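To keep things clear, I will list the structure first and then write my remarks on it.
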Amino acid sequence: MKRGIIIVLDAAGIGELPDASEFGDEGSNTLMHVKEANPRLNLKNMCSLGLGLIDGYNVYEKTDNPLGAYGKMIERSKGKDTTTGHWEISGIHLDKPFPTYPNGFPKEVIDRFEKAAGIGTLGNYAASGTVIIQELGDEHIKTGKPIVYTSADSVFQIAAHEDIIPVAQLYKMCETARKQLQGENGVARVIARPFTGTKGNYKRTEGRKDFSLPPTSPTLLDYMKEQGKTVACVGKIEDIFCNRGITKSVHTHTNAEGIEQTIKYIKEDFEGLIFTNLVDTDMLYGHRNDVEGFAKSLQYFDDNLPRIINAMTDEDILFITSDHGCDPTTPSTDHSREHSFLLMYGKNVKPQNLGTRKTFSDIAKTIACYVGIKGELDGENML
């Protein structure tokens, strides 16, 4: 029963890409800078697979006898966001980046949304989600108008207090926005951001929900499902792929939950794919420039990695990687255009240096070839 297991440590990039200057990300190196800022960080289990041997500037522990294959990957698609990265991991590329709106959305976009939703809006500027609800929360409660905002990413976010706009109603608003935001204004994700609390103490809840564009062509997930294999997804994978190509999934709220659910799926008896996103490094720490929190999150994953490996069968192949960077040591709080690191482990994997791969899609191609899946996927078979 052959399976590919992909675990994405969200935003854990490993050094700027050649075109990083086009994105304002020169000098970003999330994994290395987090280690330098936290010398006691000890990712011994990932290092045993070869993390410290990946080419380029590397401050992690070296080993003479790596247990896995290791390398880094170039993002061929033009972007540095979650959707672009995960889609490329699944075997497809984007020639054009998703649109971003650093100065807010055009008036016609907001007018059209307000008319369809039947309500006015507040905000419409780029901001931190935790900050904007403090800035506009009182006015939102007074007027009942939802808060619309964006970031450096391709997102249309709607925040609302759960007592003013119930979560179910907020989701419907997001569905309305998603239907409208197509074509040239086709942002990668519309995101519902419910919050609670009182003046000066508003807090976001775990009711976040992403409404993504569907993938532009068939992915590894689609081919797996079509050919009778199981595709089990953990975390926000179901949102990123619009539930397409997925046979079962669980939406987790923390990395701890995500790790436990991944282990649960590994222990089940099926052939196909397990695809997990562990988002804490990005959502909780990267975007808030919390270097210590980022390090603790990496450490927690590494401490639990042996449990993941011990649950694997002899025919499983594990891929540990990232989708972009989000260097918490730089002034920017946004994603960074970086290589993704790659660790590959399994009884059928030869320990070796995989060098610098030309695309994230090598993961999809490798899994497809290993499991015996037919389909048009970009990338090369690393086996």
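Identifiers in the structure tokens: chain A, B, ... in order shown; residue index from 1 per chain; ligand index from 1 in order shown.
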**Asked** What's the 8 Å shell around Leu31 in chain A, counting only C-alpha atoms, without same-chain residues fewer than 6 positions away, as a list in words?
**Response**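 Contacts, in chain order: Ala12, Gly13, Ile14, Gly15 and Asp327 of chain A.
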Can I get the selected residues back with N, CA, C and O atoms, as a PDB file, in the first residue's frame?
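Generated output (selection20.pdb):
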ATOM      1  N   ALA A  12       8.280  28.249   6.273  1.00  0.00           N
ATOM      2  CA  ALA A  12       9.647  27.939   6.710  1.00  0.00           C
ATOM      3  C   ALA A  12      10.600  27.894   5.516  1.00  0.00           C
ATOM      4  O   ALA A  12      11.144  26.853   5.155  1.00  0.00           O
ATOM      5  N   GLY A  13      10.811  29.049   4.882  1.00  0.00           N
ATOM      6  CA  GLY A  13      11.698  29.130   3.730  1.00  0.00           C
ATOM      7  C   GLY A  13      13.157  28.964   4.119  1.00  0.00           C
ATOM      8  O   GLY A  13      13.538  29.051   5.293  1.00  0.00           O
ATOM      9  N   ILE A  14      14.000  28.738   3.105  1.00  0.00           N
ATOM     10  CA  ILE A  14      15.414  28.478   3.383  1.00  0.00           C
ATOM     11  C   ILE A  14      16.309  29.316   2.463  1.00  0.00           C
ATOM     12  O   ILE A  14      17.241  28.819   1.855  1.00  0.00           O
ATOM     13  N   GLY A  15      16.029  30.586   2.362  1.00  0.00           N
ATOM     14  CA  GLY A  15      16.907  31.497   1.640  1.00  0.00           C
ATOM     15  C   GLY A  15      16.294  32.078   0.383  1.00  0.00           C
ATOM     16  O   GLY A  15      15.537  31.430  -0.321  1.00  0.00           O
ATOM     17  N   ASP A 327      10.135  35.492   6.967  1.00  0.00           N
ATOM     18  CA  ASP A 327      11.264  35.700   7.879  1.00  0.00           C
ATOM     19  C   ASP A 327      10.881  36.665   9.006  1.00  0.00           C
ATOM     20  O   ASP A 327      10.694  37.859   8.768  1.00  0.00           O
TER      21      ASP A 327
END
**DSSP strand (DSSP E or B) residues within range 114-253 of chain A, listed as a PyMOL selection string** = chain A and resi 122-126+147-150+155-161+189-198+201-204+209-212+230-234+248-250
**Request:** Check the DSSP output for the backbone and give back, as a PyMOL selection string, the residues of range 43-169 of chain A in helix (DSSP H, G or I).
**Result:** chain A and resi 44-49+51-53+82-89+107-117+129-143+167-169
Dump C-alpha atoms for the selected residues as a PDB file, in the first residue's frame?
ATOM      1  CA  LYS A  44      18.020  17.105  15.817  1.00  0.00           C
ATOM      2  CA  ASN A  45      15.463  14.880  14.124  1.00  0.00           C
ATOM      3  CA  MET A  46      15.224  16.925  10.948  1.00  0.00           C
ATOM      4  CA  CYS A  47      19.006  17.265  11.026  1.00  0.00           C
ATOM      5  CA  SER A  48      19.290  13.463  11.163  1.00  0.00           C
ATOM      6  CA  LEU A  49      17.434  13.434   7.823  1.00  0.00           C
ATOM      7  CA  LEU A  51      18.534  19.491   7.189  1.00  0.00           C
ATOM      8  CA  GLY A  52      22.041  20.711   8.063  1.00  0.00           C
ATOM      9  CA  LEU A  53      23.463  19.378   4.797  1.00  0.00           C
ATOM     10  CA  THR A  82       0.075  29.859   0.364  1.00  0.00           C
ATOM     11  CA  THR A  83      -2.107  29.025  -2.622  1.00  0.00           C
ATOM     12  CA  THR A  84       0.647  29.400  -5.206  1.00  0.00           C
ATOM     13  CA  GLY A  85       3.075  27.314  -3.144  1.00  0.00           C
ATOM     14  CA  HIS A  86       0.670  24.469  -2.413  1.00  0.00           C
ATOM     15  CA  TRP A  87      -0.603  24.331  -5.974  1.00  0.00           C
ATOM     16  CA  GLU A  88       2.964  24.025  -7.237  1.00  0.00           C
ATOM     17  CA  ILE A  89       3.675  21.274  -4.708  1.00  0.00           C
ATOM     18  CA  LYS A 107     -14.010  51.470  -5.693  1.00  0.00           C
ATOM     19  CA  GLU A 108     -15.892  49.416  -8.277  1.00  0.00           C
ATOM     20  CA  VAL A 109     -14.905  46.185  -6.515  1.00  0.00           C
ATOM     21  CA  ILE A 110     -16.156  47.429  -3.138  1.00  0.00           C
ATOM     22  CA  ASP A 111     -19.315  48.964  -4.615  1.00  0.00           C
ATOM     23  CA  ARG A 112     -20.167  45.711  -6.368  1.00  0.00           C
ATOM     24  CA  PHE A 113     -19.619  43.696  -3.203  1.00  0.00           C
ATOM     25  CA  GLU A 114     -21.689  46.056  -1.044  1.00  0.00           C
ATOM     26  CA  LYS A 115     -24.560  45.923  -3.510  1.00  0.00           C
ATOM     27  CA  ALA A 116     -24.508  42.118  -3.663  1.00  0.00           C
ATOM     28  CA  ALA A 117     -24.142  41.724   0.111  1.00  0.00           C
ATOM     29  CA  GLY A 129      -5.850  41.512  11.059  1.00  0.00           C
ATOM     30  CA  THR A 130      -5.227  41.800  14.782  1.00  0.00           C
ATOM     31  CA  VAL A 131      -4.641  45.545  14.476  1.00  0.00           C
ATOM     32  CA  ILE A 132      -7.545  46.495  12.228  1.00  0.00           C
ATOM     33  CA  ILE A 133     -10.172  44.984  14.524  1.00  0.00           C
ATOM     34  CA  GLN A 134      -8.861  47.219  17.315  1.00  0.00           C
ATOM     35  CA  GLU A 135      -8.919  50.255  14.999  1.00  0.00           C
ATOM     36  CA  LEU A 136     -12.387  49.670  13.564  1.00  0.00           C
ATOM     37  CA  GLY A 137     -14.029  47.301  16.030  1.00  0.00           C
ATOM     38  CA  ASP A 138     -15.997  49.981  17.855  1.00  0.00           C
ATOM     39  CA  GLU A 139     -17.325  51.500  14.626  1.00  0.00           C
ATOM     40  CA  HIS A 140     -18.199  48.033  13.355  1.00  0.00           C
ATOM     41  CA  ILE A 141     -20.288  47.327  16.456  1.00  0.00           C
ATOM     42  CA  LYS A 142     -21.954  50.735  16.200  1.00  0.00           C
ATOM     43  CA  THR A 143     -22.813  50.520  12.485  1.00  0.00           C
ATOM     44  CA  VAL A 167     -20.373  33.349  11.664  1.00  0.00           C
ATOM     45  CA  ALA A 168     -22.781  31.625   9.249  1.00  0.00           C
ATOM     46  CA  GLN A 169     -23.786  35.017   7.829  1.00  0.00           C
TER      47      GLN A 169
END
Kindly provide the residues of range 130-204 of chain A that approach range 236-260 of chain A to within 12 Å, each paired with its closest atom pair and their distance in Å to one decimal, based on only C-alpha atoms, listed by chain and increasing number, as a Markdown table.
| residue | atom | partner | partner_atom | distance |
| --- | --- | --- | --- | --- |
| A:Arg178 | CA | A:Cys242 | CA | 11.6 |
| A:Ala188 | CA | A:Ile240 | CA | 8.9 |
| A:Arg189 | CA | A:Ile240 | CA | 8.2 |
| A:Val190 | CA | A:Asp239 | CA | 10.3 |
| A:Ile191 | CA | A:Asp239 | CA | 10.0 |
| A:Ala192 | CA | A:Asp239 | CA | 11.8 |
**Message:** I need the residue nearest Gly379 in chain A from this list: A:Met173, A:Met73, A:Val231, A:Ile158. Use only C-alpha atoms for the distance.
**Reply:**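 Closest residue, counting only C-alpha atoms: A:Met73.
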**Request:** Pick out the closest residue to Tyr265 in chain A from this set: A:Val279, A:Val234, A:Leu354, A:Leu342. Count only C-alpha atoms.
**Result:**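 Going through A:Val279, A:Val234, A:Leu354, A:Leu342 one by one, the smallest distance to Tyr265 in chain A is for A:Val234.
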**Prompt:** Neighbours of Gly4 in chain A within 12 Å (only C-alpha atoms; same-chain residues fewer than 4 positions away dropped), as a ChimeraX atom specification?
**Reply:** /A:90,220-221,224,229-233,265-266,270-276,312-320,344-346,348-349,363-373
**Request:** Would you mind listing what lies within 7 Å of Asp81 in chain A as a list of chain:residue names, with only C-alpha atoms counted and same-chain residues fewer than 6 positions away left out?
**Result:** A:Asp153, A:His324, A:His335
Please build the interface table for range 217-276 of chain A against range 93-98 of chain A with a cut-off of 12 Å, listing for each qualifying residue the nearest atom pair and the distance in Å to one decimal; count only C-alpha atoms, order rows by chain and increasing number, and write it as CSV.
residue,atom,partner,partner_atom,distance
A:Ser217,CA,A:His93,CA,9.1
A:Pro218,CA,A:His93,CA,11.0
A:Thr219,CA,A:His93,CA,10.2
**Asked** Which residues come within 10 Å of Tyr149 in chain A, counting only C-alpha atoms, excluding same-chain residues fewer than 6 positions away, as a ChimeraX atom specification?
**Response** /A:101-102,104-105,121-129,132,155-159,191
Please, could you write that set of residues out with N, CA and C atoms as a PDB file, in the first residue's frame?
ATOM      1  N   TYR A 101      -3.409  44.152  -3.581  1.00  0.00           N
ATOM      2  CA  TYR A 101      -3.985  45.499  -3.507  1.00  0.00           C
ATOM      3  C   TYR A 101      -3.411  46.259  -2.306  1.00  0.00           C
ATOM      4  N   PRO A 102      -2.142  46.665  -2.402  1.00  0.00           N
ATOM      5  CA  PRO A 102      -1.501  47.349  -1.269  1.00  0.00           C
ATOM      6  C   PRO A 102      -2.184  48.653  -0.879  1.00  0.00           C
ATOM      7  N   GLY A 104      -5.552  49.069  -1.111  1.00  0.00           N
ATOM      8  CA  GLY A 104      -6.970  48.775  -0.979  1.00  0.00           C
ATOM      9  C   GLY A 104      -7.582  48.407  -2.323  1.00  0.00           C
ATOM     10  N   PHE A 105      -8.811  47.943  -2.297  1.00  0.00           N
ATOM     11  CA  PHE A 105      -9.485  47.482  -3.504  1.00  0.00           C
ATOM     12  C   PHE A 105     -10.104  48.661  -4.264  1.00  0.00           C
ATOM     13  N   THR A 121     -19.502  48.762   4.007  1.00  0.00           N
ATOM     14  CA  THR A 121     -18.304  48.175   4.616  1.00  0.00           C
ATOM     15  C   THR A 121     -17.443  49.250   5.264  1.00  0.00           C
ATOM     16  N   LEU A 122     -16.530  48.807   6.098  1.00  0.00           N
ATOM     17  CA  LEU A 122     -15.531  49.670   6.721  1.00  0.00           C
ATOM     18  C   LEU A 122     -14.148  49.214   6.264  1.00  0.00           C
ATOM     19  N   GLY A 123     -13.178  50.120   6.390  1.00  0.00           N
ATOM     20  CA  GLY A 123     -11.798  49.726   6.141  1.00  0.00           C
ATOM     21  C   GLY A 123     -11.365  49.904   4.710  1.00  0.00           C
ATOM     22  N   ASN A 124     -11.158  48.789   4.042  1.00  0.00           N
ATOM     23  CA  ASN A 124     -10.627  48.723   2.673  1.00  0.00           C
ATOM     24  C   ASN A 124      -9.220  49.291   2.587  1.00  0.00           C
ATOM     25  N   TYR A 125      -8.339  48.758   3.403  1.00  0.00           N
ATOM     26  CA  TYR A 125      -6.908  49.070   3.286  1.00  0.00           C
ATOM     27  C   TYR A 125      -6.107  47.866   3.761  1.00  0.00           C
ATOM     28  N   ALA A 126      -4.826  47.883   3.466  1.00  0.00           N
ATOM     29  CA  ALA A 126      -3.946  46.783   3.872  1.00  0.00           C
ATOM     30  C   ALA A 126      -3.591  46.951   5.344  1.00  0.00           C
ATOM     31  N   ALA A 127      -3.747  45.870   6.103  1.00  0.00           N
ATOM     32  CA  ALA A 127      -3.512  45.977   7.539  1.00  0.00           C
ATOM     33  C   ALA A 127      -3.303  44.605   8.159  1.00  0.00           C
ATOM     34  N   SER A 128      -2.749  44.615   9.350  1.00  0.00           N
ATOM     35  CA  SER A 128      -2.696  43.406  10.158  1.00  0.00           C
ATOM     36  C   SER A 128      -4.101  43.121  10.680  1.00  0.00           C
ATOM     37  N   GLY A 129      -4.511  41.864  10.620  1.00  0.00           N
ATOM     38  CA  GLY A 129      -5.850  41.512  11.059  1.00  0.00           C
ATOM     39  C   GLY A 129      -6.090  41.764  12.530  1.00  0.00           C
ATOM     40  N   ILE A 132      -6.406  45.799  12.824  1.00  0.00           N
ATOM     41  CA  ILE A 132      -7.545  46.495  12.228  1.00  0.00           C
ATOM     42  C   ILE A 132      -8.828  46.294  13.034  1.00  0.00           C
ATOM     43  N   VAL A 155      -5.403  38.538  -0.945  1.00  0.00           N
ATOM     44  CA  VAL A 155      -6.519  38.147  -0.087  1.00  0.00           C
ATOM     45  C   VAL A 155      -7.531  39.282   0.038  1.00  0.00           C
ATOM     46  N   PHE A 156      -8.794  38.902   0.138  1.00  0.00           N
ATOM     47  CA  PHE A 156      -9.904  39.803   0.444  1.00  0.00           C
ATOM     48  C   PHE A 156     -10.467  39.279   1.760  1.00  0.00           C
ATOM     49  N   GLN A 157     -10.205  40.000   2.849  1.00  0.00           N
ATOM     50  CA  GLN A 157     -10.577  39.506   4.168  1.00  0.00           C
ATOM     51  C   GLN A 157     -11.753  40.303   4.727  1.00  0.00           C
ATOM     52  N   ILE A 158     -12.665  39.582   5.366  1.00  0.00           N
ATOM     53  CA  ILE A 158     -13.840  40.216   5.965  1.00  0.00           C
ATOM     54  C   ILE A 158     -13.878  39.840   7.442  1.00  0.00           C
ATOM     55  N   ALA A 159     -13.784  40.845   8.292  1.00  0.00           N
ATOM     56  CA  ALA A 159     -13.818  40.630   9.735  1.00  0.00           C
ATOM     57  C   ALA A 159     -15.143  41.126  10.299  1.00  0.00           C
ATOM     58  N   ILE A 191     -11.184  35.457   2.830  1.00  0.00           N
ATOM     59  CA  ILE A 191     -11.033  34.863   4.161  1.00  0.00           C
ATOM     60  C   ILE A 191     -12.013  35.483   5.150  1.00  0.00           C
TER      61      ILE A 191
END
**Request:** Please indicate the distance in Å from CA of Ile308 in chain A to CA of Lys358 in chain A, rounded to one decimal place.
**Result:**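 Result for CA of Ile308 in chain A versus CA of Lys358 in chain A: 27.8 Å, one decimal.
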**Request:** Would you list the contacts of Glu16 in chain A as a list in words, taking every protein, DNA or RNA residue within 9 Å and counting only C-alpha atoms, but skipping same-chain residues closer than 5 positions in sequence?
**Result:**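 Surrounding residues, per the criterion: Ser21, Asp25, Glu26, Gly27, Ser28, Asn29, Gly325, Ser336, Arg337, Glu338 and His339 of chain A.
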**Request:** Calculate how many Å separate CA of Ile54 in chain A from CA of Leu67 in chain A, rounding to one decimal.
**Result:** 13.4 Å
At a cut-off of 9 Å, using only C-alpha atoms, what residues contact Val34 in chain A? Leave out same-chain residues fewer than 6 positions from it and give the result as a CSV table (one decimal) with N, CA and C atoms, in the first residue's frame.
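What ended up in part39.csv:
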chain,number,residue,atom,x,y,z
A,41,LEU,N,17.9,26.4,19.7
A,41,LEU,CA,17.0,25.6,18.8
A,41,LEU,C,17.7,24.4,18.3
A,291,VAL,N,10.0,35.8,16.6
A,291,VAL,CA,11.1,34.9,16.3
A,291,VAL,C,11.1,33.8,17.3
A,292,GLU,N,10.9,34.1,18.6
A,292,GLU,CA,11.0,33.0,19.6
A,292,GLU,C,9.8,32.0,19.4
A,294,PHE,N,8.3,31.3,16.6
A,294,PHE,CA,8.6,30.6,15.4
A,294,PHE,C,9.5,29.4,15.8
A,295,ALA,N,10.6,29.7,16.6
A,295,ALA,CA,11.5,28.7,17.0
A,295,ALA,C,10.8,27.6,17.8
A,327,ASP,N,10.1,35.5,7.0
A,327,ASP,CA,11.3,35.7,7.9
A,327,ASP,C,10.9,36.7,9.0
A,328,PRO,N,10.8,36.2,10.2
A,328,PRO,CA,10.3,37.0,11.3
A,328,PRO,C,11.4,38.0,11.9
A,329,THR,N,12.7,37.8,11.3
A,329,THR,CA,13.7,38.7,11.8
A,329,THR,C,13.9,40.0,10.9
